[in-house]
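> Dropping a structure here in structure tokens format, bear with me for questions.
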Amino acid sequence: MRVVVGLLLTLIFCNAAAAKPKLLWEVKGLEQPESVVQDPATGVLYVSNIAGAIMQKDGNGFIAKLRPDGTIIARDWVKGLNAPTGLALFERTLYVADVDELVEINAASGEIVKRYPAQGAIFLNDVAAGDDGTVYASDTPTNTIWRLKDGAFEPWLANDTLNGPNGLLVQDGKLIVVSFGKLPSEGQKQELGGLYAIDVEKQSVSKLGDSEAIGNLDGLQALQPGVYLVTDWAAGGLYRVPAKGKAERVLKLGKGSGDFAYLPDKKLTIIPIMLNNALVAYTLD
């Protein structure tokens, strides 16, 4: 009996160990990396670098280009940006949130093709593209979602329920949103955010999960149907959040955990750690 129990405990221990995320590689020497996206056509990674004060139009921001193993191909692949944050790729066009502009970049050449001003926006944060090419951008301080459709970039939805919308994901006729909430500051209490779903056709907002109080959320990706991965920027960490259920932290990370990429075929998550000037890749077994 003792032998059987011992074997069972060994198997349980091994399975638990196998399920623990493992660091595959780490890249340092970036400048406040905030977002990463993989180009499915080439496999390369695009990483936005703020390189200065957040929301400041100083011209220091840039996009870096890396190989899938983290090797830097071109650190300053695209220059001439201010404080670039969220990234989204549709076909051969890379869209970048840059303070109060949505910037369109040719993914093949790295050339800035067009800038869409967002009059009245304070801080465009994340970007997501739908299958039809519609692009959404979150303006976190104003609780507003902007939309680029048919060449027009304009406010699409303003709703205080979103509580500082940050990470975005277009999925099955819905725009999934993670909220940043508020950071503690002078005269302001910290507020934690959660997940929301916006019906694209009706523009109605509903809450996902059993609890809003997860963290000051930033990145968002789908892990599997009805289950999401999100990062907590303020505390640092990667969470697994079911659409119906409690959030569970699966990985402790450095503060400034940003807008990440998840590669389901490799079970690999690639996460910018903005305050460490680093990009890390973990396998999720």
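Ligands are numbered from 1 in the order shown, residues from 1 within each chain, and chains are lettered A, B, ... in the order they appear in the structure tokens.
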Identify all residues of segment 62-143 of chain A in strand (DSSP E or B) (DSSP on the backbone) and supply them as a short mmCIF file (atom, residue, chain, number, x, y, z; two decimals) with C-alpha atoms, in the first residue's frame.

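Listed below is the output, states38.cif:
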data_model
loop_
_atom_site.label_atom_id
_atom_site.label_comp_id
_atom_site.auth_asym_id
_atom_site.auth_seq_id
_atom_site.Cartn_x
_atom_site.Cartn_y
_atom_site.Cartn_z
CA PHE A 62 10.01 53.02 -31.68
CA ILE A 63 9.08 49.51 -32.80
CA ALA A 64 11.64 46.72 -32.48
CA LYS A 65 11.72 43.64 -34.71
CA LEU A 66 12.81 40.27 -33.28
CA ILE A 72 16.86 41.21 -32.11
CA ILE A 73 16.78 41.77 -35.87
CA ALA A 74 16.38 45.56 -35.77
CA ARG A 75 16.04 47.37 -32.45
CA ASP A 76 14.84 50.64 -34.05
CA TRP A 77 12.92 49.06 -36.91
CA VAL A 78 10.33 51.87 -36.99
CA LYS A 79 11.22 55.32 -35.63
CA GLY A 80 9.30 58.57 -35.51
CA LEU A 81 6.76 57.52 -32.88
CA PRO A 84 3.70 53.63 -28.77
CA THR A 85 1.69 51.08 -26.82
CA GLY A 86 -0.83 48.57 -28.24
CA LEU A 87 -0.23 46.73 -31.51
CA ALA A 88 -2.53 44.87 -33.91
CA LEU A 89 -1.74 43.23 -37.23
CA PHE A 90 -4.24 42.83 -40.04
CA THR A 93 -0.62 46.32 -41.96
CA LEU A 94 0.56 46.94 -38.40
CA TYR A 95 -1.58 49.32 -36.34
CA VAL A 96 -0.03 51.14 -33.38
CA ALA A 97 -1.65 53.19 -30.61
CA ASP A 98 0.48 56.30 -30.13
CA VAL A 99 -0.91 58.69 -27.47
CA GLU A 101 -3.04 58.83 -32.89
CA LEU A 102 -3.52 55.47 -34.54
CA VAL A 103 -0.50 54.84 -36.74
CA GLU A 104 -0.60 52.57 -39.79
CA ILE A 105 2.66 50.84 -40.74
CA ASN A 106 3.54 48.67 -43.73
CA ILE A 112 4.71 54.66 -41.70
CA VAL A 113 1.84 54.87 -44.19
CA LYS A 114 -0.75 56.97 -42.36
CA ARG A 115 -1.60 58.59 -39.05
CA TYR A 116 -5.18 58.82 -37.84
CA PRO A 117 -5.59 61.60 -35.25
CA LEU A 124 -4.88 55.37 -26.78
CA ASN A 125 -3.68 52.18 -25.11
CA ASP A 126 -4.43 48.89 -26.85
CA VAL A 127 -5.47 47.98 -30.41
CA ALA A 128 -7.35 44.98 -31.82
CA ALA A 129 -8.41 44.08 -35.35
CA VAL A 135 -9.74 48.19 -35.91
CA TYR A 136 -10.59 49.14 -32.32
CA ALA A 137 -8.49 51.21 -29.90
CA SER A 138 -9.03 51.84 -26.18
CA ASP A 139 -8.71 55.33 -24.72
#
> Need the shell around Asp69 of chain A: protein/DNA/RNA residues with any atom at most 10 Å away, counting only C-alpha atoms. Skip same-chain ones fewer than 4 positions apart. Format as an MDAnalysis selection string?
chainID A and resid 24:27 43:45 281
> Please produce, as CSV, a per-residue contact table for segment 111-211 of chain A versus segment 244-254 of chain A (criterion: any atom at most 10 Å away, only C-alpha atoms considered), showing the nearest atom pair and its distance in Å to one decimal, sorted by chain then residue number.

residue,atom,partner,partner_atom,distance
A:Gly194,CA,A:Ala247,CA,9.4
A:Lys207,CA,A:Lys244,CA,9.7
A:Leu208,CA,A:Lys244,CA,6.5
A:Gly209,CA,A:Lys244,CA,4.5
A:Asp210,CA,A:Gly245,CA,5.1
A:Ser211,CA,A:Lys246,CA,6.5
> For those residues, write C-alpha atoms to a file as a PDB file, in the first residue's frame.

ATOM      1  CA  GLY A 194     -11.926  42.899 -14.590  1.00  0.00           C
ATOM      2  CA  LYS A 207     -19.252  41.483 -17.210  1.00  0.00           C
ATOM      3  CA  LEU A 208     -17.228  38.289 -17.629  1.00  0.00           C
ATOM      4  CA  GLY A 209     -16.144  36.097 -14.738  1.00  0.00           C
ATOM      5  CA  ASP A 210     -17.327  35.990 -11.144  1.00  0.00           C
ATOM      6  CA  SER A 211     -15.215  38.843  -9.814  1.00  0.00           C
TER       7      SER A 211
END
> Can you pull out the residues contacting Ile54 of chain A? Cut-off 9 Å, using only C-alpha atoms, and skip same-chain residues under 2 positions away; I want them as a PyMOL selection string.
chain A and resi 50-52+56-57+82-84+99+123
> A:Asn49, A:Gln224, A:Thr42, A:Asn216: which is nearest Pro272 of chain A, counting only C-alpha atoms?
A:Asn49
> Smallest atom-to-atom distance to Val280 of chain A: which of A:Gly187, A:Gly110, A:Gly70, A:Pro40, using only C-alpha atoms?
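That would be A:Gly70, the residue with the smallest distance to Val280 of chain A.
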> What is the atom CA of Ser35 of chain A to atom CA of Asn159 of chain A distance in Å?
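Calculated distance between atom CA of Ser35 of chain A and atom CA of Asn159 of chain A is 24.4 Å.
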> Extract the full set of helix (DSSP H, G or I) residues from segment 45-264 of chain A according to DSSP on the backbone, and format it as a list in words.
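The helix (DSSP H, G or I) subset of segment 45-264 of chain A is Thr140, Pro141, Thr142, Asp160, Thr161 and Leu162 of chain A.
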> Kindly provide the residues of segment 193-260 of chain A that approach segment 162-178 of chain A to within 12 Å, each paired with its closest atom pair and their distance in Å to one decimal, based on only C-alpha atoms, listed by chain and increasing number, as a tab-separated table.

residue	atom	partner	partner_atom	distance
A:Gly193	CA	A:Asn163	CA	6.8
A:Gly194	CA	A:Val178	CA	5.7
A:Leu195	CA	A:Val178	CA	4.5
A:Tyr196	CA	A:Val177	CA	5.1
A:Ala197	CA	A:Ile176	CA	4.5
A:Ile198	CA	A:Leu175	CA	5.0
A:Asp199	CA	A:Lys174	CA	4.7
A:Val200	CA	A:Lys174	CA	5.2
A:Glu201	CA	A:Gly173	CA	7.5
A:Lys202	CA	A:Lys174	CA	9.7
A:Gln203	CA	A:Lys174	CA	9.0
A:Ser204	CA	A:Lys174	CA	9.7
A:Val205	CA	A:Leu162	CA	8.1
A:Ser206	CA	A:Leu162	CA	9.4
A:Lys207	CA	A:Leu162	CA	9.2
A:Leu208	CA	A:Ile176	CA	8.9
A:Gly209	CA	A:Val178	CA	11.3
A:Glu212	CA	A:Val178	CA	9.7
A:Ala213	CA	A:Val178	CA	11.4
A:Ile214	CA	A:Val178	CA	10.0
A:Gly215	CA	A:Val178	CA	9.8
A:Asn216	CA	A:Val178	CA	8.9
A:Leu217	CA	A:Val178	CA	6.0
A:Asp218	CA	A:Gly167	CA	5.3
A:Gly219	CA	A:Gly167	CA	4.9
A:Leu220	CA	A:Gly167	CA	5.3
A:Gln221	CA	A:Leu169	CA	6.9
A:Ala222	CA	A:Leu169	CA	8.1
A:Leu223	CA	A:Leu169	CA	11.8
A:Gln224	CA	A:Gln171	CA	11.6
A:Pro225	CA	A:Gln171	CA	10.0
A:Gly226	CA	A:Gln171	CA	10.4
A:Val227	CA	A:Ile176	CA	11.6
A:Tyr228	CA	A:Ile176	CA	9.8
A:Leu229	CA	A:Val178	CA	10.3
A:Val230	CA	A:Val178	CA	7.8
A:Thr231	CA	A:Gly167	CA	9.2
A:Asp232	CA	A:Val178	CA	10.1
A:Trp233	CA	A:Asn166	CA	10.6
A:Tyr239	CA	A:Val178	CA	11.9
A:Val241	CA	A:Val178	CA	10.9
A:Ala243	CA	A:Ile176	CA	10.5
A:Gly258	CA	A:Gly167	CA	9.2
A:Asp259	CA	A:Gly167	CA	7.0
A:Phe260	CA	A:Gly167	CA	9.6
